[in-house]
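To start, the structure itself, in structure tokens.
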Amino acid sequence: MPVSSSNRRPDSPFFRKPIATMLLVCGLVACGAVSAQSTEFQTLKGHGGPVMGIAVSPENGKVATASFDNSVGIWTERSPVWLEGHEAAVKVVSFVGGGQVVSAGDDYDLILWDLKSTSPERLQGHTAKVAGLAVSPDRTWIASASWDARIGLWPVDGSEPKFLSGHAAGVNAVAFSKDGQFLYSGSVDGSIKQWDLATTSEKRIIDRNGFGINVMALGGPDGQGEAWLAYGSQDGVTRIVDLATGERLKEFTLERRPILAMALSPDGSRLATGDGHGFITVFRTADWSIETDFKAALKGPIWALAFSRAGDVLHAGGIESIVYSWPVASLASFDPMAKETPMFLRKPEEMSNGERQFARKCSICHALSADGGRKAGPTLYGVFGRRAGTLPDYTYSKTLDGSDIIWSEATIDELFLDGPDHYIPGSKMPMQVIARPEDRSDLIEFLKTATTEDKTGGEKQ
């Protein structure tokens with residue numbers, strides 16, 4: 001089923017080339033090309049929101065990134081091509097092979113992208129957000145983990161999907177065995193299950209944890225087969241379990257929670273985790289010693305990790321809109337990411353009440369400048385007096401086509417009194433309610449000034 005256009009430039013419905021100035025010039029060392037051979041520190045800049053997922057192609061080393069800005073970036077060296085079709089934050093992305101990429105997120109759907117023909121296919125069936133993806137070793141199946149408590153099995157050839165049920169709560173992570181016969185799933189209910197794909201039935205429970213499972217990885221000696229399963233949980237535990245016996249081999253609790261990201265190097269020699277306090281921990285899987293424990297982000301969590309194809313570079317994403325790529329051998333010698341505090345994380349006492357309401361409720365999706373950047377929502381510059389759903393070069397939800405709403409003090413007040421889901425049913429805007437009248441009034445007063453000053457230095461159009 002084709003994906004409807006969801007781009008901000010009508011001349012390119014799914015793919016958009018960036019301008020040259022989108023790339024950040026590195027301050028520590030000169031940036032080199034992002035490749036399997038490069039071991040320099042570098043950044044990939046261009047997303048308009050936090051980076052939630054990263055994948056690396058085992059075929060050519062290209063990097064794919066998923067972001068809160070509703071888009072996927074495919075990076076060849078330092079140049080991205082933007083894939084746009086999701087209607088909410090994109091949480092996960094994976095290379096399928098043969099020039100295909102699959103992505104999923106908060107709009108409940110998967111999108112299978114053909115990078116050669118630019119003909120994406122939307123895979124529908126989940127009824128809640130998709131938090132995890134995995135591709136079978138023979139590249140014929142895609143597995144999805146959803147908060148509808150089900151696992152989706154999607155044939156790459158486009159035939160009918162199957163769904164596995166058995167978890168008591170949302171599923172966060174899935175992983176195929178090396179031989180493709182089994183699938184492993186980790187859930188908010190704290191359990192890890194093994195599924196027999198020949199019968200599409202639950203085979204056994206690998207482990208039960210008192211808190212939800214967020215991420216998983218399978219590994220074995222010399223990167224061949226799988227002998228153990230590693231998982232990271234909501235309570236900050238990284239645990240290694242023997243797959244044959246279910247014995248808990250190792251457990252690490254570093255008083256930082258939750259564990260949000262996990263990546264295994266291509267040769268299986270290193271396991272990296274990222275946590276809610278901004279640390280990246282790298283373990284040597286031969287003896288489970290800690291190689292590096294690195295404060296990787298000054299602000300916010302680490303949401304995404306992936307090793308380069310050669311395993312010598314670790315890509316990381318978090319609260320910033322930038323991907324940081326560090327050489328593994330000298331990981332802890334570099335400055336942390338996210339040096340500048342995002343607006344929505346600034347201290348309340350540093351802002352007026354109106355600015356604080358904007359920072360908490362609006363800033364992650366909306367810009368105030370005329371150019372708007374790559375944000376999930378349209379810029380609010382010049383919003384007063386504008387008819388809803390009419391900003392050029394932004395694709396709105398169908399519910400706003402032909403809308404009679406004119407943005408004013410009164411309509412913005414109503415929007416946050418009732419919440420977007422009630423005021424504009426079917427809108428892509430997340431549910432946000434500002435209950436106190438004085439908070440809504442202060443937000444409106446802030447917007448009246450902030451949206452009429454061009455932050456890019458130009459004149460109001």
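Chain labels A, B, ... are given in the sequence in which chains occur in the structure tokens; within each chain residues are numbered consecutively from 1, and ligands are likewise numbered from 1 in the order shown.
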DSSP-assigned helix (DSSP H, G or I) among range 217-362 of chain A, expressed as JSON, numbers by chain: {"A": [221, 222, 223, 328, 329, 330, 331, 332, 333, 343, 344, 345, 348, 349, 350, 353, 354, 355, 356, 357, 358, 359, 360, 361]}
Within 10 Å of Gly48 in chain A using only C-alpha atoms, minus same-chain residues under 3 positions, as a PyMOL selection string: chain A and resi 45+51+67-71+320-322+364-367+372-377
Go ahead and write the residues just picked, C-alpha atoms, as an mmCIF file, in the first residue's frame.
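Produced file result_1.cif, reproduced below:
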```
data_model
loop_
_atom_site.group_PDB
_atom_site.id
_atom_site.type_symbol
_atom_site.label_atom_id
_atom_site.label_comp_id
_atom_site.auth_asym_id
_atom_site.auth_seq_id
_atom_site.Cartn_x
_atom_site.Cartn_y
_atom_site.Cartn_z
ATOM 1 C CA LYS A 45 23.796 16.871 11.822
ATOM 2 C CA VAL A 51 17.690 10.841 17.543
ATOM 3 C CA SER A 67 14.213 10.822 14.835
ATOM 4 C CA PHE A 68 11.503 12.531 16.809
ATOM 5 C CA ASP A 69 11.165 14.860 13.802
ATOM 6 C CA ASN A 70 9.117 12.093 12.071
ATOM 7 C CA SER A 71 11.847 11.345 9.522
ATOM 8 C CA GLU A 320 20.204 16.347 20.746
ATOM 9 C CA SER A 321 19.370 16.260 17.041
ATOM 10 C CA ILE A 322 22.947 15.188 16.266
ATOM 11 C CA ILE A 364 10.377 19.824 20.792
ATOM 12 C CA CYS A 365 8.008 19.897 17.779
ATOM 13 C CA HIS A 366 7.797 23.577 16.789
ATOM 14 C CA ALA A 367 10.319 26.275 15.912
ATOM 15 C CA GLY A 372 11.379 26.405 10.832
ATOM 16 C CA GLY A 373 14.213 23.867 10.602
ATOM 17 C CA ARG A 374 13.458 20.141 10.437
ATOM 18 C CA LYS A 375 10.838 19.868 13.152
ATOM 19 C CA ALA A 376 7.963 17.430 13.513
ATOM 20 C CA GLY A 377 5.490 20.301 13.428
#
```
Pairwise distance for CA of Leu260 in chain A and CA of Val313 in chain A, rounded to one decimal in Å: 19.3 Å
DSSP-assigned strand (DSSP E) members of range 27-109 of chain A, reported as a PyMOL selection string: chain A and resi 42-45+51-56+63-67+71-76+79-84+90-95+100-105
Length of the CA of Phe95 in chain A to CA of Glu77 in chain A vector [Å]: 16.2 Å
Nearest candidate to Gly125 in chain A (options A:Ile444, A:Ala410, A:Leu110, A:Ala435; using only C-alpha atoms):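 Of A:Ile444, A:Ala410, A:Leu110, A:Ala435, the one nearest Gly125 in chain A, counting only C-alpha atoms, is A:Leu110.
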Å distance separating CA of Phe279 in chain A from CA of Phe294 in chain A, one decimal place: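 Atom-to-atom, CA of Phe279 in chain A to CA of Phe294 in chain A, that is 5.4 Å.
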Which of A:Met52, A:Ala88, A:Leu133, A:Leu314 sits closest to Pro301 in chain A [using only C-alpha atoms]: A:Met52
For Lys62 in chain A, the nearest of the candidates A:Gly212, A:Pro137, A:Leu447, A:Arg309, counting only C-alpha atoms: A:Arg309
Write out as a PDB file with N, CA, C and O atoms, in the first residue's frame each polymer residue whose atoms come within 12 Å of Thr200 in chain A, counting only C-alpha atoms; drop sequence neighbours fewer than 3 positions from it.
```pdb
ATOM      1  N   ILE A 151       3.689  -9.097  18.727  1.00  0.00           N
ATOM      2  CA  ILE A 151       4.845  -9.098  17.845  1.00  0.00           C
ATOM      3  C   ILE A 151       4.325  -9.307  16.429  1.00  0.00           C
ATOM      4  O   ILE A 151       3.551 -10.231  16.170  1.00  0.00           O
ATOM      5  N   GLY A 152       4.732  -8.446  15.522  1.00  0.00           N
ATOM      6  CA  GLY A 152       4.342  -8.593  14.129  1.00  0.00           C
ATOM      7  C   GLY A 152       5.417  -9.318  13.342  1.00  0.00           C
ATOM      8  O   GLY A 152       6.606  -9.088  13.545  1.00  0.00           O
ATOM      9  N   LEU A 153       5.015 -10.231  12.468  1.00  0.00           N
ATOM     10  CA  LEU A 153       5.925 -10.919  11.547  1.00  0.00           C
ATOM     11  C   LEU A 153       5.497 -10.551  10.132  1.00  0.00           C
ATOM     12  O   LEU A 153       4.432 -10.976   9.660  1.00  0.00           O
ATOM     13  N   PRO A 161       0.821 -10.497   6.985  1.00  0.00           N
ATOM     14  CA  PRO A 161       1.614 -10.640   8.210  1.00  0.00           C
ATOM     15  C   PRO A 161       0.967 -11.621   9.191  1.00  0.00           C
ATOM     16  O   PRO A 161      -0.208 -11.969   9.073  1.00  0.00           O
ATOM     17  N   LYS A 162       1.766 -12.038  10.184  1.00  0.00           N
ATOM     18  CA  LYS A 162       1.278 -12.835  11.294  1.00  0.00           C
ATOM     19  C   LYS A 162       1.569 -12.069  12.578  1.00  0.00           C
ATOM     20  O   LYS A 162       2.502 -11.261  12.644  1.00  0.00           O
ATOM     21  N   PHE A 163       0.774 -12.338  13.598  1.00  0.00           N
ATOM     22  CA  PHE A 163       0.978 -11.663  14.877  1.00  0.00           C
ATOM     23  C   PHE A 163       1.079 -12.700  15.993  1.00  0.00           C
ATOM     24  O   PHE A 163       0.293 -13.654  16.048  1.00  0.00           O
ATOM     25  N   LEU A 164       2.063 -12.495  16.872  1.00  0.00           N
ATOM     26  CA  LEU A 164       2.277 -13.373  18.015  1.00  0.00           C
ATOM     27  C   LEU A 164       1.798 -12.671  19.274  1.00  0.00           C
ATOM     28  O   LEU A 164       2.187 -11.535  19.543  1.00  0.00           O
ATOM     29  N   SER A 165       0.965 -13.350  20.038  1.00  0.00           N
ATOM     30  CA  SER A 165       0.445 -12.801  21.292  1.00  0.00           C
ATOM     31  C   SER A 165       0.836 -13.712  22.446  1.00  0.00           C
ATOM     32  O   SER A 165       0.906 -14.922  22.294  1.00  0.00           O
ATOM     33  N   GLY A 166       1.066 -13.108  23.605  1.00  0.00           N
ATOM     34  CA  GLY A 166       1.446 -13.890  24.769  1.00  0.00           C
ATOM     35  C   GLY A 166       1.998 -13.045  25.894  1.00  0.00           C
ATOM     36  O   GLY A 166       1.927 -13.420  27.065  1.00  0.00           O
ATOM     37  N   GLN A 181      15.431 -19.718  13.071  1.00  0.00           N
ATOM     38  CA  GLN A 181      14.372 -20.618  13.521  1.00  0.00           C
ATOM     39  C   GLN A 181      13.581 -20.071  14.708  1.00  0.00           C
ATOM     40  O   GLN A 181      12.443 -20.474  14.925  1.00  0.00           O
ATOM     41  N   PHE A 182      14.214 -19.172  15.459  1.00  0.00           N
ATOM     42  CA  PHE A 182      13.579 -18.669  16.678  1.00  0.00           C
ATOM     43  C   PHE A 182      13.580 -17.150  16.705  1.00  0.00           C
ATOM     44  O   PHE A 182      14.405 -16.491  16.064  1.00  0.00           O
ATOM     45  N   LEU A 183      12.636 -16.621  17.480  1.00  0.00           N
ATOM     46  CA  LEU A 183      12.563 -15.190  17.725  1.00  0.00           C
ATOM     47  C   LEU A 183      12.503 -14.982  19.227  1.00  0.00           C
ATOM     48  O   LEU A 183      11.823 -15.731  19.939  1.00  0.00           O
ATOM     49  N   TYR A 184      13.204 -13.974  19.711  1.00  0.00           N
ATOM     50  CA  TYR A 184      13.196 -13.628  21.134  1.00  0.00           C
ATOM     51  C   TYR A 184      12.539 -12.261  21.294  1.00  0.00           C
ATOM     52  O   TYR A 184      12.726 -11.367  20.466  1.00  0.00           O
ATOM     53  N   GLN A 194      10.978 -16.957  24.089  1.00  0.00           N
ATOM     54  CA  GLN A 194      11.491 -17.534  22.855  1.00  0.00           C
ATOM     55  C   GLN A 194      10.313 -18.105  22.070  1.00  0.00           C
ATOM     56  O   GLN A 194       9.470 -18.821  22.617  1.00  0.00           O
ATOM     57  N   TRP A 195      10.269 -17.781  20.763  1.00  0.00           N
ATOM     58  CA  TRP A 195       9.177 -18.207  19.901  1.00  0.00           C
ATOM     59  C   TRP A 195       9.709 -19.139  18.817  1.00  0.00           C
ATOM     60  O   TRP A 195      10.752 -18.883  18.219  1.00  0.00           O
ATOM     61  N   ASP A 196       8.986 -20.219  18.566  1.00  0.00           N
ATOM     62  CA  ASP A 196       9.312 -21.137  17.483  1.00  0.00           C
ATOM     63  C   ASP A 196       8.624 -20.627  16.217  1.00  0.00           C
ATOM     64  O   ASP A 196       7.392 -20.603  16.133  1.00  0.00           O
ATOM     65  N   LEU A 197       9.413 -20.202  15.242  1.00  0.00           N
ATOM     66  CA  LEU A 197       8.828 -19.594  14.063  1.00  0.00           C
ATOM     67  C   LEU A 197       8.199 -20.608  13.112  1.00  0.00           C
ATOM     68  O   LEU A 197       7.331 -20.251  12.303  1.00  0.00           O
ATOM     69  N   LYS A 203       7.749 -20.936  22.758  1.00  0.00           N
ATOM     70  CA  LYS A 203       8.491 -22.145  23.106  1.00  0.00           C
ATOM     71  C   LYS A 203       8.827 -22.172  24.599  1.00  0.00           C
ATOM     72  O   LYS A 203       8.617 -23.180  25.269  1.00  0.00           O
TER      73      LYS A 203
END
```
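Minimum atom-to-atom distance to Ala286 in chain A, evaluated using only C-alpha atoms, belongs to A:Ala227 out of A:Ala168, A:Ala332, A:Ala227, A:Val135.
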